[in-house]
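**Student:** This is final.tsv, which holds TSV, C-alpha atoms:
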```
chain	number	residue	atom	x	y	z
A	1	ILE	CA	-22.95	30.35	0.06
A	2	LEU	CA	-22.86	34.15	0.19
A	3	ALA	CA	-21.22	34.36	-3.22
A	4	GLU	CA	-23.54	32.01	-5.10
A	5	GLN	CA	-26.68	32.49	-2.96
A	6	GLU	CA	-29.54	30.62	-4.70
A	7	LYS	CA	-27.18	29.01	-7.22
A	8	PHE	CA	-25.48	27.21	-4.34
A	9	CYS	CA	-28.43	24.82	-4.09
A	10	ARG	CA	-29.90	25.21	-7.56
A	11	GLY	CA	-26.93	25.72	-9.86
A	12	SER	CA	-25.11	23.19	-12.00
A	13	ASN	CA	-22.69	22.42	-9.15
A	14	LYS	CA	-25.35	22.02	-6.48
A	15	TYR	CA	-24.48	18.40	-5.69
A	16	TRP	CA	-20.79	19.19	-5.30
A	17	ASN	CA	-21.68	22.15	-3.08
A	18	VAL	CA	-23.90	20.07	-0.82
A	19	PHE	CA	-21.26	17.37	-0.62
A	20	GLU	CA	-18.58	19.88	0.40
A	21	LEU	CA	-20.94	21.42	2.93
A	22	ILE	CA	-21.38	18.01	4.58
A	23	CYS	CA	-17.62	17.50	4.59
A	24	LEU	CA	-17.00	20.88	6.21
A	25	ALA	CA	-19.72	20.23	8.79
A	26	SER	CA	-18.12	16.92	9.71
A	27	MET	CA	-14.71	18.64	10.05
A	28	ALA	CA	-16.23	21.28	12.33
A	29	MET	CA	-17.90	18.61	14.45
A	30	ASP	CA	-14.61	16.75	14.70
A	31	GLN	CA	-12.86	19.86	16.00
A	32	VAL	CA	-15.62	20.36	18.56
A	33	LEU	CA	-15.19	16.80	19.83
A	34	VAL	CA	-11.44	17.32	20.16
A	35	PHE	CA	-11.88	20.28	22.52
A	36	MET	CA	-14.61	18.61	24.55
A	37	ASP	CA	-13.48	16.61	27.51
A	38	LYS	CA	-14.83	13.14	28.21
A	39	GLU	CA	-17.27	14.13	30.94
A	40	SER	CA	-18.89	16.98	29.04
A	41	SER	CA	-19.34	14.84	25.95
A	42	LYS	CA	-21.46	12.40	27.97
A	43	HIS	CA	-24.03	15.11	28.66
A	44	ILE	CA	-24.37	15.94	24.98
A	45	GLY	CA	-24.55	12.35	23.81
A	46	ASN	CA	-22.60	9.89	21.73
A	47	PHE	CA	-21.04	11.67	18.78
A	48	SER	CA	-18.97	8.73	17.56
A	49	MET	CA	-21.24	8.43	14.54
A	50	PHE	CA	-20.09	11.85	13.38
A	51	ARG	CA	-16.54	10.56	13.13
A	52	VAL	CA	-17.66	8.44	10.20
A	53	PHE	CA	-18.13	11.62	8.20
A	54	ARG	CA	-14.39	12.25	8.44
A	55	LEU	CA	-13.99	9.64	5.72
A	56	LEU	CA	-15.98	11.87	3.37
A	57	ARG	CA	-13.08	14.29	3.20
A	58	ILE	CA	-11.14	11.71	1.24
A	59	PHE	CA	-13.71	11.84	-1.54
A	60	ARG	CA	-13.28	15.58	-1.98
A	61	ALA	CA	-10.39	14.70	-4.25
A	62	ILE	CA	-12.97	13.38	-6.72
A	63	ARG	CA	-13.46	16.97	-7.84
A	64	ALA	CA	-10.14	16.66	-9.63
A	65	ILE	CA	-12.02	14.62	-12.25
A	66	ARG	CA	-13.59	17.86	-13.43
A	67	LEU	CA	-10.17	18.98	-14.68
A	68	VAL	CA	-10.33	16.25	-17.32
A	69	SER	CA	-12.66	18.38	-19.42
A	70	TYR	CA	-9.92	21.04	-19.73
A	71	LEU	CA	-7.03	18.68	-20.55
A	72	LYS	CA	-7.41	17.17	-24.01
A	73	GLU	CA	-4.55	14.67	-23.82
A	74	LEU	CA	-5.72	13.36	-20.45
A	75	ARG	CA	-9.28	13.09	-21.75
A	76	VAL	CA	-8.12	11.07	-24.76
A	77	LEU	CA	-6.06	8.83	-22.51
A	78	LEU	CA	-8.98	8.15	-20.17
A	79	ALA	CA	-11.29	7.49	-23.11
A	80	SER	CA	-8.78	4.97	-24.47
A	81	VAL	CA	-8.56	3.19	-21.12
A	82	VAL	CA	-12.34	3.01	-20.82
A	83	SER	CA	-12.70	1.71	-24.38
A	84	CYS	CA	-10.21	-1.06	-23.55
A	85	ALA	CA	-11.98	-2.09	-20.33
A	86	ALA	CA	-13.37	-5.30	-21.83
A	87	SER	CA	-10.00	-6.25	-23.31
A	88	LEU	CA	-8.35	-5.46	-19.98
A	89	PHE	CA	-10.72	-7.85	-18.18
A	90	TRP	CA	-10.05	-10.73	-20.57
A	91	ALA	CA	-6.32	-10.02	-20.49
A	92	ALA	CA	-6.32	-10.18	-16.69
A	93	LEU	CA	-8.29	-13.42	-16.85
A	94	LEU	CA	-5.81	-14.91	-19.33
A	95	PHE	CA	-2.88	-13.79	-17.17
A	96	LEU	CA	-4.45	-15.34	-14.07
A	97	MET	CA	-5.15	-18.59	-15.92
A	98	PHE	CA	-1.50	-18.97	-16.95
A	99	VAL	CA	-0.33	-18.15	-13.45
A	100	CYS	CA	-2.72	-20.61	-11.78
A	101	LEU	CA	-1.80	-23.45	-14.14
A	102	TYR	CA	1.91	-23.07	-13.47
A	103	ALA	CA	1.26	-22.47	-9.77
A	104	LEU	CA	-0.31	-25.95	-9.56
A	105	TYR	CA	2.93	-27.45	-10.87
A	106	LEU	CA	5.15	-25.44	-8.50
A	107	GLU	CA	2.93	-26.20	-5.53
A	108	ASP	CA	3.01	-29.92	-6.30
A	109	ILE	CA	6.80	-30.19	-6.56
A	110	SER	CA	7.28	-27.98	-3.48
A	111	LEU	CA	4.99	-30.08	-1.31
A	112	ALA	CA	6.60	-33.27	-2.60
A	113	TYR	CA	10.06	-31.95	-1.72
A	114	LEU	CA	8.95	-30.87	1.76
A	115	LYS	CA	7.42	-34.30	2.45
A	116	GLU	CA	10.54	-36.13	1.24
A	117	THR	CA	12.86	-34.07	3.44
A	118	TYR	CA	10.59	-33.80	6.48
A	119	ASN	CA	12.67	-35.97	8.85
A	120	ASN	CA	16.09	-35.34	7.33
A	121	GLU	CA	18.93	-33.32	8.82
A	122	PHE	CA	20.05	-30.34	6.76
A	123	ASP	CA	22.92	-27.97	6.41
A	124	GLN	CA	22.34	-24.21	6.41
A	125	SER	CA	21.73	-23.94	2.65
A	126	SER	CA	19.12	-26.69	2.76
A	127	LYS	CA	17.41	-24.97	5.68
A	128	ASP	CA	17.27	-21.73	3.70
A	129	THR	CA	15.75	-23.64	0.78
A	130	ILE	CA	13.05	-25.17	2.95
A	131	THR	CA	12.34	-21.80	4.57
A	132	ASN	CA	11.95	-20.25	1.13
A	133	LEU	CA	9.57	-23.02	0.06
A	134	LYS	CA	7.43	-22.72	3.18
A	135	GLU	CA	7.22	-18.93	3.01
A	136	ASN	CA	6.63	-18.50	-0.74
A	137	TRP	CA	5.59	-21.77	-2.39
A	138	ASN	CA	3.69	-23.72	0.26
A	139	GLY	CA	0.05	-23.71	-0.88
A	140	MET	CA	-1.84	-22.45	-3.90
A	141	GLY	CA	-2.45	-18.95	-2.52
A	142	ARG	CA	1.18	-18.30	-1.64
A	143	THR	CA	2.38	-19.76	-4.93
A	144	VAL	CA	0.10	-17.53	-7.01
A	145	ARG	CA	1.09	-14.51	-4.92
A	146	SER	CA	4.80	-15.27	-5.37
A	147	LEU	CA	4.42	-15.70	-9.13
A	148	VAL	CA	2.60	-12.39	-9.42
A	149	PHE	CA	5.36	-10.72	-7.39
A	150	CYS	CA	8.01	-12.24	-9.67
A	151	ILE	CA	6.26	-11.23	-12.90
A	152	THR	CA	5.44	-7.68	-11.81
A	153	GLY	CA	8.86	-7.01	-10.26
A	154	GLY	CA	7.73	-7.11	-6.64
A	155	LYS	CA	10.48	-9.64	-5.92
A	156	GLU	CA	13.60	-10.77	-7.76
A	157	TRP	CA	12.59	-13.96	-9.52
A	158	ALA	CA	16.20	-15.12	-9.70
A	159	ASP	CA	16.26	-15.35	-5.89
A	160	MET	CA	12.78	-16.83	-5.71
A	161	SER	CA	13.73	-19.61	-8.14
A	162	GLN	CA	16.74	-20.87	-6.13
A	163	PRO	CA	14.80	-23.73	-4.43
A	164	PHE	CA	13.72	-25.13	-7.79
A	165	TRP	CA	17.29	-25.22	-9.10
A	166	ILE	CA	18.26	-27.18	-5.99
A	167	MET	CA	15.35	-29.59	-6.42
A	168	GLY	CA	16.38	-30.24	-10.00
A	169	THR	CA	17.79	-28.49	-13.05
A	170	GLY	CA	14.61	-29.23	-14.99
A	171	ASN	CA	12.50	-27.39	-12.42
A	172	GLY	CA	14.78	-24.38	-12.56
A	173	ILE	CA	14.74	-24.30	-16.35
A	174	SER	CA	10.95	-24.56	-16.42
A	175	PHE	CA	10.71	-21.59	-14.03
A	176	MET	CA	13.09	-19.55	-16.16
A	177	LEU	CA	11.18	-20.37	-19.34
A	178	PHE	CA	7.85	-19.49	-17.72
A	179	MET	CA	9.13	-16.13	-16.51
A	180	SER	CA	10.63	-15.36	-19.93
A	181	LEU	CA	7.36	-16.29	-21.62
A	182	MET	CA	5.31	-14.09	-19.29
A	183	VAL	CA	7.59	-11.04	-19.18
A	184	ILE	CA	8.84	-10.98	-22.78
A	185	GLY	CA	5.98	-12.72	-24.56
A	186	LEU	CA	2.54	-12.49	-22.97
A	187	LEU	CA	2.81	-9.03	-21.40
A	188	ASN	CA	4.10	-7.48	-24.63
A	189	ILE	CA	1.31	-9.18	-26.57
A	190	LEU	CA	-1.27	-7.78	-24.14
A	191	ILE	CA	0.18	-4.29	-24.52
A	192	GLY	CA	-0.11	-4.65	-28.29
A	193	VAL	CA	-3.74	-5.73	-27.91
A	194	PHE	CA	-4.53	-2.62	-25.83
A	195	VAL	CA	-2.82	-0.30	-28.30
A	196	GLY	CA	-4.57	-1.96	-31.23
A	197	GLU	CA	-7.96	-1.76	-29.50
A	198	ALA	CA	-7.51	1.93	-28.74
A	199	ASP	CA	-6.41	2.64	-32.32
A	200	THR	CA	-9.43	0.74	-33.67
A	201	LYS	CA	-11.76	2.81	-31.52
A	202	ARG	CA	-10.09	6.01	-32.71
A	203	GLN	CA	-10.38	5.01	-36.36
A	204	GLY	CA	-14.06	4.17	-35.84
A	205	ARG	CA	-14.73	7.63	-34.41
A	206	ASP	CA	-12.82	9.27	-37.28
A	207	GLU	CA	-14.87	7.33	-39.84
A	208	GLU	CA	-18.13	8.34	-38.15
A	209	SER	CA	-17.08	11.99	-38.16
A	210	SER	CA	-16.06	11.73	-41.84
A	211	ARG	CA	-19.43	10.22	-42.78
A	212	LEU	CA	-21.23	12.99	-40.90
A	213	PHE	CA	-19.29	15.69	-42.76
A	214	ASP	CA	-19.97	13.97	-46.09
A	215	ILE	CA	-23.70	13.99	-45.35
A	216	LEU	CA	-23.66	17.66	-44.36
A	217	ASP	CA	-21.59	18.64	-47.43
A	218	THR	CA	-24.49	18.66	-49.90
A	219	ASP	CA	-22.60	20.37	-52.74
A	220	SER	CA	-19.56	18.04	-52.34
A	221	ASP	CA	-17.02	20.87	-52.48
A	222	GLY	CA	-15.09	19.62	-49.44
A	223	LEU	CA	-16.16	22.60	-47.34
A	224	LEU	CA	-19.02	23.11	-44.88
A	225	SER	CA	-20.87	26.39	-44.92
A	226	PHE	CA	-23.08	27.69	-42.15
A	227	ASP	CA	-26.18	27.06	-44.26
A	228	GLU	CA	-25.20	23.45	-44.89
A	229	ILE	CA	-24.61	22.86	-41.18
A	230	SER	CA	-27.92	24.49	-40.21
A	231	GLU	CA	-29.87	22.58	-42.87
A	232	GLY	CA	-28.18	19.29	-41.95
A	233	PHE	CA	-29.00	19.53	-38.25
A	234	GLN	CA	-32.56	20.65	-38.96
A	235	ASN	CA	-33.09	17.54	-41.07
```
As structure tokens - that is how I would like this structure written.
**Tutor:**
Amino acid sequence: ILAEQEKFCRGSNKYWNVFELICLASMAMDQVLVFMDKESSKHIGNFSMFRVFRLLRIFRAIRAIRLVSYLKELRVLLASVVSCAASLFWAALLFLMFVCLYALYLEDISLAYLKETYNNEFDQSSKDTITNLKENWNGMGRTVRSLVFCITGGKEWADMSQPFWIMGTGNGISFMLFMSLMVIGLLNILIGVFVGEADTKRQGRDEESSRLFDILDTDSDGLLSFDEISEGFQN
């Protein structure tokens, strides 16, 4: 405040300054509450609402976004991600559709197996299979979660697929083919779509810049003089 004086509240960074001032005030209030004992705090009032402001300190890290303007490669990367936001949404929707469709099949065969073996006596391996089915494949929500874990590497899909090999070789093969399709096929295709979308956006910007320079270059010598730039922007 002493360094910037009036610019603290009126300068270009006034909103950031006010935000940090609120964060520092909440930190100071928190320290005051720590040193106050329970009885003395009753006389002053209920300051529990001030503890909410402690969460604001987390958002101080948002100021790191300002560094993007000084890092060209990071700025280009962020611009590419933003330009692919629509493609990312449809890709996630397509991914979820494939997962849900196959999850319906896995859920159906898992529930059928659990019903068939409900009153049977099992050895230890069969008990482990049933435990695996109940924990990971019993219900649509758990099945979708388990498939996402398998595809993204959260769990080893070879271990997760053991119950389906026991239920039938065809079920195990279908699981293996689905995982191969998702990991090797669909995910690589989606990556290619993102890269192609970002490259298309870049080419579009390059073409717009080239057209702008062609318009400004009135004498068509391939060079832009100061007079041509001034005349072009005035028109």
**Student:** What's around region 195-199 of chain A at 7 Å? Count only C-alpha atoms, leave out sequence neighbours fewer than 6 positions away in its own chain, and write the answer as a list in words.
**Tutor:**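 Skipping anything fewer than 6 positions along the chain leaves Ser80, Ser83 and Cys84 of chain A.
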**Student:** CA of Arg211 (chain A) and CA of Gly232 (chain A) are how many Å apart?
**Tutor:** 12.6 Å
**Student:** What is the distance between CA of Val144 (chain A) and CA of Ser110 (chain A), in Å to one decimal?
**Tutor:**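 CA of Ser110 (chain A) lies at a distance of 13.2 Å from CA of Val144 (chain A).
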**Student:** Work out how far CA of Ala103 (chain A) is from CA of Ser87 (chain A), in Å to one decimal.
**Tutor:**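 CA of Ser87 (chain A) sits 23.9 Å away from CA of Ala103 (chain A).
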**Student:** Select all residues near (5.2, -8.9, -15.5) (cut-off 8 Å, inclusive, file coordinates), counting all atoms listed in the file, and output them as a PyMOL selection string.
**Tutor:** chain A and resi 148+150-153+182-183+187
**Student:** Save the residues we just selected, C-alpha atoms, as a PDB file, keeping the file's coordinate frame?
**Tutor:**
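Output contents, as saved in result-v3.pdb:
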```
ATOM      1  CA  VAL A 148       2.600 -12.390  -9.420  1.00  0.00           C
ATOM      2  CA  CYS A 150       8.010 -12.240  -9.670  1.00  0.00           C
ATOM      3  CA  ILE A 151       6.260 -11.230 -12.900  1.00  0.00           C
ATOM      4  CA  THR A 152       5.440  -7.680 -11.810  1.00  0.00           C
ATOM      5  CA  GLY A 153       8.860  -7.010 -10.260  1.00  0.00           C
ATOM      6  CA  MET A 182       5.310 -14.090 -19.290  1.00  0.00           C
ATOM      7  CA  VAL A 183       7.590 -11.040 -19.180  1.00  0.00           C
ATOM      8  CA  LEU A 187       2.810  -9.030 -21.400  1.00  0.00           C
TER       9      LEU A 187
END
```
**Student:** With only C-alpha atoms as the basis for distance, which of A:Ile130, A:Asn136, A:Leu224, A:Val82 is at the shortest distance from Lys155 (chain A)?
**Tutor:**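 Smallest separation from Lys155 (chain A) among the options: A:Asn136.
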**Student:** Mind filling out region 80-91 of chain A with all heavy atoms and sending it as an mmCIF file, in the coordinates of the input?
**Tutor:**
```cif
data_model
loop_
_atom_site.group_PDB
_atom_site.id
_atom_site.type_symbol
_atom_site.label_atom_id
_atom_site.label_comp_id
_atom_site.auth_asym_id
_atom_site.auth_seq_id
_atom_site.Cartn_x
_atom_site.Cartn_y
_atom_site.Cartn_z
ATOM 1 N N SER A 80 -9.412 6.184 -23.949
ATOM 2 C CA SER A 80 -8.780 4.970 -24.470
ATOM 3 C C SER A 80 -8.789 3.856 -23.438
ATOM 4 O O SER A 80 -9.033 2.688 -23.769
ATOM 5 C CB SER A 80 -7.331 5.285 -24.888
ATOM 6 O OG SER A 80 -7.289 6.284 -25.880
ATOM 7 N N VAL A 81 -8.540 4.205 -22.178
ATOM 8 C CA VAL A 81 -8.560 3.190 -21.120
ATOM 9 C C VAL A 81 -9.960 2.609 -20.951
ATOM 10 O O VAL A 81 -10.142 1.391 -20.815
ATOM 11 C CB VAL A 81 -8.052 3.799 -19.796
ATOM 12 C CG1 VAL A 81 -8.253 2.823 -18.648
ATOM 13 C CG2 VAL A 81 -6.586 4.180 -19.913
ATOM 14 N N VAL A 82 -10.967 3.485 -20.971
ATOM 15 C CA VAL A 82 -12.340 3.010 -20.820
ATOM 16 C C VAL A 82 -12.747 2.127 -21.993
ATOM 17 O O VAL A 82 -13.409 1.100 -21.820
ATOM 18 C CB VAL A 82 -13.301 4.214 -20.693
ATOM 19 C CG1 VAL A 82 -14.755 3.757 -20.724
ATOM 20 C CG2 VAL A 82 -13.026 4.967 -19.394
ATOM 21 N N SER A 83 -12.344 2.505 -23.212
ATOM 22 C CA SER A 83 -12.700 1.710 -24.380
ATOM 23 C C SER A 83 -12.027 0.341 -24.374
ATOM 24 O O SER A 83 -12.519 -0.595 -25.005
ATOM 25 C CB SER A 83 -12.309 2.458 -25.660
ATOM 26 O OG SER A 83 -10.902 2.618 -25.743
ATOM 27 N N CYS A 84 -10.916 0.221 -23.630
ATOM 28 C CA CYS A 84 -10.210 -1.060 -23.550
ATOM 29 C C CYS A 84 -10.566 -1.840 -22.293
ATOM 30 O O CYS A 84 -9.880 -2.821 -21.957
ATOM 31 C CB CYS A 84 -8.693 -0.831 -23.578
ATOM 32 S SG CYS A 84 -8.068 -0.104 -25.100
ATOM 33 N N ALA A 85 -11.627 -1.440 -21.594
ATOM 34 C CA ALA A 85 -11.980 -2.090 -20.330
ATOM 35 C C ALA A 85 -12.283 -3.571 -20.529
ATOM 36 O O ALA A 85 -11.847 -4.426 -19.745
ATOM 37 C CB ALA A 85 -13.168 -1.379 -19.691
ATOM 38 N N ALA A 86 -13.039 -3.900 -21.578
ATOM 39 C CA ALA A 86 -13.370 -5.300 -21.830
ATOM 40 C C ALA A 86 -12.119 -6.113 -22.144
ATOM 41 O O ALA A 86 -11.928 -7.225 -21.628
ATOM 42 C CB ALA A 86 -14.374 -5.397 -22.978
ATOM 43 N N SER A 87 -11.251 -5.558 -22.983
ATOM 44 C CA SER A 87 -10.000 -6.250 -23.310
ATOM 45 C C SER A 87 -9.121 -6.402 -22.072
ATOM 46 O O SER A 87 -8.448 -7.429 -21.905
ATOM 47 C CB SER A 87 -9.239 -5.479 -24.392
ATOM 48 O OG SER A 87 -10.003 -5.391 -25.578
ATOM 49 N N LEU A 88 -9.128 -5.392 -21.203
ATOM 50 C CA LEU A 88 -8.350 -5.460 -19.980
ATOM 51 C C LEU A 88 -8.837 -6.596 -19.080
ATOM 52 O O LEU A 88 -8.036 -7.319 -18.473
ATOM 53 C CB LEU A 88 -8.421 -4.125 -19.231
ATOM 54 C CG LEU A 88 -7.670 -4.049 -17.903
ATOM 55 C CD1 LEU A 88 -6.183 -4.257 -18.116
ATOM 56 C CD2 LEU A 88 -7.924 -2.707 -17.226
ATOM 57 N N PHE A 89 -10.155 -6.774 -18.994
ATOM 58 C CA PHE A 89 -10.720 -7.850 -18.180
ATOM 59 C C PHE A 89 -10.288 -9.214 -18.698
ATOM 60 O O PHE A 89 -9.824 -10.073 -17.937
ATOM 61 C CB PHE A 89 -12.246 -7.747 -18.163
ATOM 62 C CG PHE A 89 -12.921 -8.934 -17.544
ATOM 63 C CD1 PHE A 89 -12.958 -9.086 -16.165
ATOM 64 C CD2 PHE A 89 -13.509 -9.909 -18.346
ATOM 65 C CE1 PHE A 89 -13.574 -10.189 -15.591
ATOM 66 C CE2 PHE A 89 -14.124 -11.011 -17.781
ATOM 67 C CZ PHE A 89 -14.164 -11.155 -16.397
ATOM 68 N N TRP A 90 -10.421 -9.432 -20.007
ATOM 69 C CA TRP A 90 -10.050 -10.730 -20.570
ATOM 70 C C TRP A 90 -8.554 -10.956 -20.504
ATOM 71 O O TRP A 90 -8.094 -12.103 -20.340
ATOM 72 C CB TRP A 90 -10.545 -10.842 -22.005
ATOM 73 C CG TRP A 90 -12.037 -10.898 -22.112
ATOM 74 C CD1 TRP A 90 -12.876 -9.964 -22.654
ATOM 75 C CD2 TRP A 90 -12.882 -11.944 -21.625
ATOM 76 N NE1 TRP A 90 -14.183 -10.356 -22.547
ATOM 77 C CE2 TRP A 90 -14.222 -11.571 -21.921
ATOM 78 C CE3 TRP A 90 -12.654 -13.153 -20.983
ATOM 79 C CZ2 TRP A 90 -15.303 -12.381 -21.585
ATOM 80 C CZ3 TRP A 90 -13.737 -13.956 -20.648
ATOM 81 C CH2 TRP A 90 -15.042 -13.571 -20.951
ATOM 82 N N ALA A 91 -7.772 -9.886 -20.622
ATOM 83 C CA ALA A 91 -6.320 -10.020 -20.490
ATOM 84 C C ALA A 91 -5.935 -10.420 -19.072
ATOM 85 O O ALA A 91 -5.064 -11.281 -18.868
ATOM 86 C CB ALA A 91 -5.641 -8.706 -20.873
#
```
